[in-house]
Structures are given as structure tokens and as C-alpha cells.
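The structure file coords_25.cif is reproduced below (mmCIF, C-alpha atoms).
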```cif
data_target
#
loop_
_atom_site.label_atom_id
_atom_site.label_comp_id
_atom_site.auth_asym_id
_atom_site.auth_seq_id
_atom_site.Cartn_x
_atom_site.Cartn_y
_atom_site.Cartn_z
CA MET M 192 1.67 9.23 5.63
CA ASN M 193 2.63 11.83 8.24
CA PRO M 194 -0.62 13.71 9.02
CA HIS M 195 1.33 16.94 9.55
CA LEU M 196 2.71 16.93 6.00
CA ARG M 197 0.62 18.37 3.17
CA PRO M 198 0.92 16.34 -0.07
CA LEU M 199 2.39 18.23 -3.00
CA GLY M 200 -0.14 19.93 -5.22
CA LEU M 201 -3.03 20.06 -2.71
CA PRO M 202 -3.96 23.62 -1.66
CA LEU M 203 -4.88 24.57 1.89
CA GLU M 204 -8.05 26.28 0.69
CA THR M 205 -10.14 26.72 -2.45
CA GLN M 206 -11.87 29.76 -3.90
CA ALA M 207 -15.33 29.86 -5.44
CA ALA M 208 -15.87 31.65 -8.76
CA GLU M 209 -16.92 34.85 -6.97
CA GLY M 210 -13.75 34.83 -4.87
CA LEU M 211 -15.38 33.80 -1.59
CA PRO M 212 -13.76 31.01 0.43
CA ARG M 213 -15.49 27.64 0.53
CA ARG M 214 -15.85 25.40 3.58
CA PHE M 215 -13.69 22.29 3.66
CA TRP M 216 -15.36 18.95 4.40
CA SER M 217 -13.67 16.02 6.07
CA VAL M 218 -14.07 12.36 5.16
CA ALA M 219 -15.68 11.76 8.57
CA GLU M 220 -18.23 14.55 7.98
CA ILE M 221 -19.15 13.23 4.53
CA GLU M 222 -19.58 9.69 5.89
CA GLU M 223 -21.76 11.00 8.73
CA MET M 224 -23.97 12.89 6.23
CA VAL M 225 -24.42 9.68 4.26
CA ARG M 226 -25.37 7.79 7.43
CA ALA M 227 -27.85 10.54 8.34
CA GLY M 228 -29.43 10.46 4.88
CA ILE M 229 -28.39 14.03 4.03
CA LEU M 230 -26.39 12.62 1.13
CA ASP M 231 -27.66 9.65 -0.87
CA GLU M 232 -25.31 6.68 -0.45
CA ASP M 233 -25.62 6.06 -4.21
CA GLU M 234 -24.62 9.61 -5.12
CA ARG M 235 -21.32 9.58 -6.99
CA PHE M 236 -18.66 12.06 -5.91
CA GLU M 237 -15.11 12.23 -4.60
CA LEU M 238 -13.54 14.39 -1.91
CA ILE M 239 -10.33 16.11 -3.00
CA GLY M 240 -8.58 18.25 -0.40
CA GLY M 241 -11.91 18.85 1.37
CA GLU M 242 -13.75 19.78 -1.85
CA VAL M 243 -16.64 17.63 -3.12
CA VAL M 244 -16.16 16.76 -6.80
CA PRO M 245 -19.26 15.29 -8.53
CA MET M 246 -18.66 12.33 -10.84
CA SER M 247 -20.30 11.87 -14.23
CA PRO M 248 -22.91 9.13 -14.79
CA LYS M 249 -21.42 5.89 -16.11
CA SER M 250 -21.88 5.21 -19.83
CA VAL M 251 -22.66 1.85 -21.39
CA ALA M 252 -19.10 1.67 -22.76
CA HIS M 253 -17.74 2.33 -19.27
CA GLU M 254 -19.78 -0.51 -17.79
CA ILE M 255 -18.81 -2.94 -20.56
CA ALA M 256 -15.11 -2.20 -20.05
CA LYS M 257 -15.46 -2.48 -16.28
CA SER M 258 -17.25 -5.82 -16.57
CA GLU M 259 -14.65 -7.32 -18.91
CA ILE M 260 -11.68 -6.10 -16.89
CA ASN M 261 -13.28 -7.35 -13.69
CA ARG M 262 -13.93 -10.78 -15.18
CA PHE M 263 -10.28 -11.12 -16.17
CA VAL M 264 -8.52 -9.74 -13.09
CA GLN M 265 -10.65 -11.68 -10.60
CA ARG M 266 -9.78 -14.92 -12.40
CA ALA M 267 -6.11 -14.06 -12.84
CA ALA M 268 -5.38 -12.71 -9.37
CA PRO M 269 -3.02 -14.92 -7.33
CA ASP M 270 -3.75 -15.69 -3.69
CA HIS M 271 -1.52 -12.91 -2.36
CA LEU M 272 -3.47 -10.13 -4.11
CA SER M 273 -6.87 -8.59 -3.43
CA ILE M 274 -8.84 -6.56 -5.96
CA ALA M 275 -11.50 -4.13 -4.81
CA VAL M 276 -14.02 -2.89 -7.37
CA ALA M 277 -15.35 0.68 -7.16
CA THR M 278 -14.12 1.00 -3.59
CA THR M 279 -13.61 4.18 -1.58
CA LEU M 280 -9.89 4.81 -1.17
CA ARG M 281 -9.44 7.08 1.86
CA LEU M 282 -6.25 9.06 1.34
CA ASP M 283 -6.32 11.31 4.38
CA ALA M 284 -8.81 13.15 6.61
CA ARG M 285 -9.92 15.40 3.71
CA SER M 286 -9.61 13.25 0.63
CA PHE M 287 -11.06 10.08 -0.83
CA VAL M 288 -11.30 8.82 -4.41
CA GLU M 289 -13.27 6.03 -6.05
CA PRO M 290 -11.02 4.05 -8.43
CA ASP M 291 -12.77 1.47 -10.58
CA PHE M 292 -10.18 -1.11 -9.48
CA CYS M 293 -7.73 -1.11 -6.62
CA VAL M 294 -5.09 -3.88 -6.35
CA PHE M 295 -3.42 -4.39 -2.98
CA PRO M 296 -1.83 -7.13 -0.84
CA ARG M 297 -4.28 -9.69 0.54
CA GLY M 298 -4.66 -9.41 4.30
CA LEU M 299 -4.71 -5.62 4.26
CA THR M 300 -8.15 -4.32 5.24
CA LEU M 301 -9.85 -1.59 3.23
CA THR M 302 -9.87 0.65 6.31
CA ALA M 303 -6.07 0.38 6.49
CA LEU M 304 -5.56 0.88 2.75
CA ASP M 305 -3.71 4.05 1.78
CA GLY M 306 -1.86 5.35 -1.27
CA PRO M 307 1.52 3.61 -0.82
CA ALA M 308 -0.20 0.26 -0.14
CA VAL M 309 -1.98 0.35 -3.52
CA LEU M 310 -0.11 -1.74 -6.09
CA LEU M 311 -2.25 -0.57 -9.00
CA ALA M 312 -5.26 1.71 -9.42
CA ILE M 313 -7.33 1.54 -12.60
CA GLU M 314 -9.68 4.30 -13.74
CA ILE M 315 -12.14 3.74 -16.59
CA ALA M 316 -12.88 7.03 -18.32
CA ASP M 317 -15.13 8.42 -21.00
CA SER M 318 -16.41 11.97 -20.42
CA SER M 319 -14.21 12.12 -17.29
CA LEU M 320 -10.96 11.52 -19.21
CA SER M 321 -9.50 15.01 -18.76
CA TYR M 322 -10.21 14.94 -15.01
CA ASP M 323 -8.89 11.41 -14.56
CA LYS M 324 -5.68 12.22 -16.48
CA GLY M 325 -5.30 15.65 -14.91
CA ARG M 326 -6.24 16.66 -11.41
CA LYS M 327 -6.98 13.13 -10.23
CA ILE M 328 -3.60 11.81 -11.38
CA GLY M 329 -2.01 14.61 -9.39
CA VAL M 330 -3.90 13.44 -6.31
CA TYR M 331 -2.82 9.83 -6.80
CA ALA M 332 0.80 10.94 -7.14
CA ALA M 333 0.64 13.25 -4.12
CA PHE M 334 -0.59 10.40 -1.93
CA GLY M 335 1.95 7.84 -3.14
CA VAL M 336 -0.05 5.52 -5.41
CA ARG M 337 2.74 3.90 -7.37
CA GLU M 338 0.98 3.02 -10.63
CA VAL M 339 -2.26 4.25 -12.18
CA TRP M 340 -3.92 3.16 -15.41
CA VAL M 341 -6.55 5.32 -17.10
CA VAL M 342 -8.53 3.35 -19.67
CA ASP M 343 -10.00 5.58 -22.38
CA VAL M 344 -13.12 3.64 -23.41
CA ILE M 345 -13.79 5.95 -26.36
CA LYS M 346 -10.58 4.84 -28.14
CA ALA M 347 -9.91 1.64 -26.15
CA THR M 348 -6.43 2.84 -25.21
CA THR M 349 -4.73 2.96 -21.82
CA TRP M 350 -2.67 5.72 -20.25
CA ILE M 351 -0.13 4.23 -17.84
CA HIS M 352 1.38 6.43 -15.12
CA CYS M 353 4.28 4.84 -13.23
CA ARG M 354 7.79 5.38 -11.78
CA LEU M 355 6.57 7.70 -9.05
CA GLY M 356 9.04 10.34 -7.92
CA ALA M 357 9.14 13.67 -6.11
CA ALA M 358 7.74 15.49 -9.16
CA GLY M 359 5.00 12.95 -9.90
CA TYR M 360 5.02 10.10 -12.41
CA ALA M 361 8.24 9.94 -14.42
CA GLU M 362 6.71 7.69 -17.09
CA ILE M 363 3.39 8.49 -18.75
CA ALA M 364 2.47 6.80 -22.00
CA GLU M 365 -0.61 5.85 -24.01
CA TYR M 366 -0.89 2.23 -25.23
CA PRO M 367 -3.19 0.88 -27.96
CA GLY M 368 -5.80 -1.77 -27.24
CA VAL M 369 -3.63 -4.56 -28.66
CA ALA M 370 -0.66 -3.73 -26.39
CA ARG M 371 -0.03 -6.09 -23.49
CA LEU M 372 -0.20 -4.12 -20.24
CA GLU M 373 1.80 -5.47 -17.29
CA PRO M 374 1.53 -3.91 -13.82
CA MET M 375 4.95 -3.33 -12.26
CA LEU M 376 3.93 -4.71 -8.86
CA ALA M 377 1.33 -7.24 -9.99
CA PRO M 378 2.67 -8.81 -13.23
CA GLU M 379 0.23 -11.74 -12.89
CA LEU M 380 -2.54 -9.38 -14.00
CA ALA M 381 -1.03 -8.56 -17.41
CA PHE M 382 -3.53 -8.33 -20.29
CA SER M 383 -4.43 -6.36 -23.38
CA LEU M 384 -7.80 -4.67 -23.78
CA ALA M 385 -8.30 -6.40 -27.11
CA GLU M 386 -7.75 -9.91 -25.75
CA ILE M 387 -10.31 -9.48 -22.96
CA GLY M 388 -12.92 -8.00 -25.30
CA VAL M 389 -12.64 -4.25 -24.64
CA HIS M 390 -13.01 -2.38 -27.93
CA PRO M 391 -13.53 1.29 -28.90
CA ALA M 392 -16.84 2.68 -27.64
CA ALA M 393 -18.60 2.65 -31.01
CA GLU M 394 -17.89 -1.08 -31.35
CA ALA M 395 -18.54 -1.92 -27.70
CA THR M 396 -21.98 -0.31 -27.47
CA SER M 397 -23.15 -1.96 -30.70
CA ARG M 398 -22.78 -5.46 -29.21
#
```
Can you turn what I pasted into C-alpha cells?
Amino acid sequence: MNPHLRPLGLPLETQAAEGLPRRFWSVAEIEEMVRAGILDEDERFELIGGEVVPMSPKSVAHEIAKSEINRFVQRAAPDHLSIAVATTLRLDARSFVEPDFCVFPRGLTLTALDGPAVLLAIEIADSSLSYDKGRKIGVYAAFGVREVWVVDVIKATTWIHCRLGAAGYAEIAEYPGVARLEPMLAPELAFSLAEIGVHPAAEATSR
């Protein structure tokens, strides 16, 4: 991505509730604070346009869904694909996100990974559903991630965002747990939530 171009939808500055400007942070500054111990390396947050966005603690249903999806995709992945779990996806100097799964061509290092190189990003959401389907989807679109799935673990449904264009994702649809989901750029990873054992949260947490 051209570093002189600002992705659509990302403001140049943010305003606090009292109207005072806030200081932007860079990815390099955040990483240096982690190395220095100022920030705990296990603390969960994302950096969106220079603004630190805390992430909610993971629920049991979230971890069950993540475990089952991981078990399937790691077994199904062909040799030409790599799948990173809970990796940091650095989008530019002021933004990084933490998708639950990131599918990309094998041979591409994580340090070289950017939005257009991602074949599929998967987010697993419970209390974070509105953020994952809202502001975060806008960030993925702005940085050229071509397909994003948001798995709603409460209902065991999946929101698929694809057909990226100038105005964002042209196709957005919710699919039930029994529907077979096929990534556009990684069809070998097709599955349904039901067949891999991901069920609505009330059922999942009772196991």
C-alpha cells in the first residue's frame, strides 16, 4: 500500500469525549513499550489509526469455537497455504489488528503480510460482535483484506464479507451453522460450523 495514501474511513485524528485531541501511537511505539515492559505482552488490544482499542476477555464459547476451527483448518490446509492463529496483522505504521485466523500464501513471512496478501481473515465474536462487524470490518476493507468471516458464537452463525470494492464489501450475508462456507481464495478450507462441532453458545458451554 502506498504510505502516502490514507485508507478510506480512517480519520487523521480522534477526539476524546471532552473534545480534547488524543495522541496517536505508532505500531513501532507500541511494540517498544511491550519490549520495555510498559505494556504487558499478554494484554489484549488493537491499534486502529493510532488509537488503542482494548479487546474483551475471551469467553468459553469463543475458545471452543477457536479450537474446533483450528483443528479443522490446520488439517485441511494444502501445502501452498499458511494459517496463522491469533497473529498480529500489521496494516500500516499506525494500525494493527489481531484476527483469530489469517490465511495467506505459504512462503510469505508474517512481517511482510499486509491486507491484500490475506486470503481470508476469520474473527470469532461474542460480546465483541458489534465491533467486529462494524468498525473493524471497515478497517479490513480499507486495507484491502479481500474476505472476512465473523463467527457469532452466541448463535453459531457466520457473517461473510467479500467482493471488496471501492465502497467496501459488496456482499455481506449471515449463514446458519449448517451452511457450508467456502472461502473464495482458499476453497480447500470449506466447512460448516455444525460439521466441525461448533454449536450455539448455550450448547457449546454445556459440553
If we count only C-alpha atoms and set the cut-off at 12 Å, which residues sit around Ala267 (chain M), ignoring sequence neighbours fewer than 5 positions away in its own chain? Please answer as a compact mmCIF listing (two decimals) with C-alpha atoms, in the coordinates of the input.
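Okay, result.txt is ready:
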```
# COMPACT_ATOMS: atom_id res chain seq x y z
CA ILE M 260 -11.68 -6.10 -16.89
CA ASN M 261 -13.28 -7.35 -13.69
CA ARG M 262 -13.93 -10.78 -15.18
CA LEU M 272 -3.47 -10.13 -4.11
CA SER M 273 -6.87 -8.59 -3.43
CA ILE M 274 -8.84 -6.56 -5.96
CA ALA M 377 1.33 -7.24 -9.99
CA PRO M 378 2.67 -8.81 -13.23
CA GLU M 379 0.23 -11.74 -12.89
CA LEU M 380 -2.54 -9.38 -14.00
CA ALA M 381 -1.03 -8.56 -17.41
CA PHE M 382 -3.53 -8.33 -20.29
CA ILE M 387 -10.31 -9.48 -22.96
```
Sphere at (-14.6, 14.3, -15.0), radius 9 Å, counting all atoms listed in the file: residues as an NGL selection string: :M and (244-247 or 316-323)
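For the pair CA of Pro248 (chain M) and CA of Phe292 (chain M), the separation is 17.2 Å.
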What do you get, as a PDB file with C-alpha atoms, keeping the file's coordinate frame, if you spell out every residue that the PyMOL selection byres ((chain M and resi 285) around 7) selects here?
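Output file expr-v1.pdb is given in full below:
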```pdb
ATOM      1  CA  TRP M 216     -15.360  18.950   4.400  1.00  0.00           C
ATOM      2  CA  SER M 217     -13.670  16.020   6.070  1.00  0.00           C
ATOM      3  CA  VAL M 218     -14.070  12.360   5.160  1.00  0.00           C
ATOM      4  CA  LEU M 238     -13.540  14.390  -1.910  1.00  0.00           C
ATOM      5  CA  ILE M 239     -10.330  16.110  -3.000  1.00  0.00           C
ATOM      6  CA  GLY M 240      -8.580  18.250  -0.400  1.00  0.00           C
ATOM      7  CA  GLY M 241     -11.910  18.850   1.370  1.00  0.00           C
ATOM      8  CA  ASP M 283      -6.320  11.310   4.380  1.00  0.00           C
ATOM      9  CA  ALA M 284      -8.810  13.150   6.610  1.00  0.00           C
ATOM     10  CA  SER M 286      -9.610  13.250   0.630  1.00  0.00           C
TER      11      SER M 286
END
```
Given the PyMOL selection byres ((chain M and resi 339-346) around 9) and the file above, list the residues it selects as a PyMOL selection string. chain M and resi 252-253+256+310-318+320+323-324+328+331-332+336-338+347-353+367-368+389-393+395
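Using only C-alpha atoms, the nearest neighbour of Phe236 (chain M) within the list M:Ser383, M:Val288, M:Gly298, M:Ala303 is M:Val288.
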Measure the distance from CA of Ile363 (chain M) to CA of Arg326 (chain M) in Å and round it to one decimal.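 Taking CA of Ile363 (chain M) and CA of Arg326 (chain M), their separation equals 14.6 Å.
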To one decimal in Å, tell me the separation between CA of Val264 (chain M) and CA of Gly325 (chain M). 25.7 Å
Residue nearest Phe295 (chain M) among M:Leu230, M:Ile255, M:Leu376, M:Val369 (counting all atoms listed in the file): M:Leu376
For a quick check of understanding, using only C-alpha atoms, which of M:Val243, M:Ile229, M:Met224, M:Val309 has the smallest distance to Met375 (chain M)?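 Comparing M:Val243, M:Ile229, M:Met224, M:Val309 against Met375 (chain M), the winner is M:Val309.
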